[in-house]
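Reading through the structure tokens given below for one structure.
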Amino acid sequence: MDGTRRVYARHLTRLQAQSRGDAESRAKKNQQSQQCPTYSRELSRCLDGKAAMPNLAKDEHTLCPARGRKVAVAVTPNSPQLQPQDYVNKAFFIYFLLDPDLSRNLPLRYVTESLSELECFNQFIRSIFYVGKGKRSRPFAHLHDAAKYCATPDLTSEEIRKQPKLEKIRKIWQNGLGVVQFSCFQGSTTAEAHNREACCLDAIGLANLTNKVSGTYYGVFDGKLGSARRNMGVFLLLKACKIFLQEGERQYCSNVTGTGT
């Protein structure tokens, strides 16, 4: 009887250990799935290497509606209507705010570690936490706002929830790092900048960014299907990544805003 009891006890111990192992494995998989961003289908397939990168260079000119051509009403009801000068004033660009803890000086590692284009593209996308459009010193306005935000005492949880971009910047600065700011597609008109920004936002997905609203489409792109917009977004993001690898990474700490933290 004692021998039988010992056999059953050992068997029960194995089953319990296996059950704990299965539970830990499931928990680990769930944690990994929660940490893994869910991008648009078009971008995800490219990042996983399951689809070729879209080459839409021949269609890129359609991002800029021609002056005098009727412009479709914007998707967002409160969006301002374009003025004649918005077709010819090429003062805008697209910019990205990146987390340096994720990019880890990607342009340098691209050379020193011989990373592939796909590896760099994956890292570049994961590093982006904000996509914007603007002119002149618009990207630095976010740093000024973040400095004021950091100087605000006793922030409530509701205030933090309403400012995901500023909270992200604050955490980067608290870790002793600087926000990576990267601009590209200079010389864009207002309408073109709107379209480029909207395509990038749709490709990455607002759930993976600190942007609060989607972009606005004008001209031809206002009537395009979502898949066409997202494919153009993938093309633009890959193009931006290649420019980033060539220009290098520059971090902006709290003291560059002039207000300090």
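By convention here, the chains of the structure tokens are called A, B, ... in the order presented, each chain's residues are numbered starting at 1, and ligands are numbered starting at 1 in the order presented.
Residues with any atom within 9 Å of A:Thr62, counting only C-alpha atoms and excluding same-chain neighbours fewer than 6 positions away, are Glu192, Gly219, Val220 and Phe221 of chain A.
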If we count only C-alpha atoms, what is near A:Glu117 at a cut-off of 10 Å, once residues fewer than 5 positions away on the same chain are taken out, given as a ChimeraX atom specification? /A:110,122-123,238,241-242,245
Residue neighbourhood A:Asn211, 9 Å, only C-alpha atoms, exclusion window fewer than 2 positions, as JSON, numbers by chain: {"A": [129, 130, 131, 132, 164, 165, 201, 206, 207, 208, 209, 213, 214]}
Could those selected residues go to a file with C-alpha atoms, as a PDB file, in the first residue's frame?
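Output contents, as saved in again-v2.pdb:
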```pdb
ATOM      1  CA  PHE A 129       5.026  57.031 -30.827  1.00  0.00           C
ATOM      2  CA  TYR A 130       3.776  60.129 -32.664  1.00  0.00           C
ATOM      3  CA  VAL A 131       3.301  61.181 -36.300  1.00  0.00           C
ATOM      4  CA  GLY A 132       2.678  64.794 -37.219  1.00  0.00           C
ATOM      5  CA  PRO A 164      -0.442  60.296 -23.549  1.00  0.00           C
ATOM      6  CA  LYS A 165       2.097  62.056 -25.798  1.00  0.00           C
ATOM      7  CA  LEU A 201      -1.405  56.989 -39.225  1.00  0.00           C
ATOM      8  CA  LEU A 206      -3.819  54.964 -33.530  1.00  0.00           C
ATOM      9  CA  ALA A 207      -3.721  52.189 -30.916  1.00  0.00           C
ATOM     10  CA  ASN A 208       0.070  52.061 -31.335  1.00  0.00           C
ATOM     11  CA  LEU A 209       0.586  55.825 -31.193  1.00  0.00           C
ATOM     12  CA  VAL A 213      -7.246  61.537 -33.928  1.00  0.00           C
ATOM     13  CA  SER A 214      -6.830  60.084 -37.399  1.00  0.00           C
TER      14      SER A 214
END
```
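Computed from the coordinates, the atom CA of A:Ile125 to atom CA of A:Leu98 distance equals 8.9 Å.
Among A:Val88, A:Ala141, A:Ile128, A:Cys253, the residue with the shortest atom-to-atom distance to A:Gly205, counting only C-alpha atoms, is A:Ile128.
Counting only C-alpha atoms, A:Val179 has the following residues at most 7 Å away, ignoring those fewer than 2 positions along the same chain: Leu97, Leu98, Asp99, Pro100, Ile169, Ile172, Leu177, Gln181, Gln251, Tyr252 and Cys253 of chain A.
For the pair atom CA of A:Asn89 and atom CA of A:His194, the interatomic distance is 13.4 Å.
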Hey, which bits of stretch 95-167 of chain A sit within 8 Å of stretch 33-49 of chain A, and for each residue what's the closest pair of atoms and how far apart in Å (one decimal), counting only C-alpha atoms, rows by chain and increasing number, as a Markdown table?
```
| residue | atom | partner | partner_atom | distance |
| --- | --- | --- | --- | --- |
| A:Leu118 | CA | A:Leu47 | CA | 6.8 |
| A:Phe121 | CA | A:Leu47 | CA | 7.3 |
| A:Asn122 | CA | A:Leu47 | CA | 5.9 |
| A:Arg126 | CA | A:Pro37 | CA | 7.9 |
```
Residues as selected, N, CA and C atoms, written as an mmCIF file, in the first residue's frame, can you do that?
```
data_model
loop_
_atom_site.group_PDB
_atom_site.id
_atom_site.type_symbol
_atom_site.label_atom_id
_atom_site.label_comp_id
_atom_site.auth_asym_id
_atom_site.auth_seq_id
_atom_site.Cartn_x
_atom_site.Cartn_y
_atom_site.Cartn_z
ATOM 1 N N LEU A 118 14.735 44.829 -43.431
ATOM 2 C CA LEU A 118 13.512 44.429 -42.737
ATOM 3 C C LEU A 118 13.667 44.580 -41.234
ATOM 4 N N PHE A 121 13.430 48.238 -40.452
ATOM 5 C CA PHE A 121 12.065 48.735 -40.621
ATOM 6 C C PHE A 121 11.204 48.347 -39.429
ATOM 7 N N ASN A 122 11.356 47.119 -38.948
ATOM 8 C CA ASN A 122 10.619 46.676 -37.761
ATOM 9 C C ASN A 122 10.949 47.552 -36.558
ATOM 10 N N ARG A 126 8.392 50.236 -34.525
ATOM 11 C CA ARG A 126 8.125 50.050 -33.100
ATOM 12 C C ARG A 126 8.547 51.261 -32.269
#
```
As a VMD selection string, list the residues of stretch 11-255 of chain A assigned to strand (DSSP E or B) by DSSP on the backbone atoms of this structure. chain A and resid 92 to 98 128 to 134 179 to 188 251 to 252
What are the DSSP alpha helix (DSSP H) residues of stretch 95-256 of chain A, as a PyMOL selection string? chain A and resi 100-103+106-112+117-127+138-151+157-162+164-174+190-204+226-247
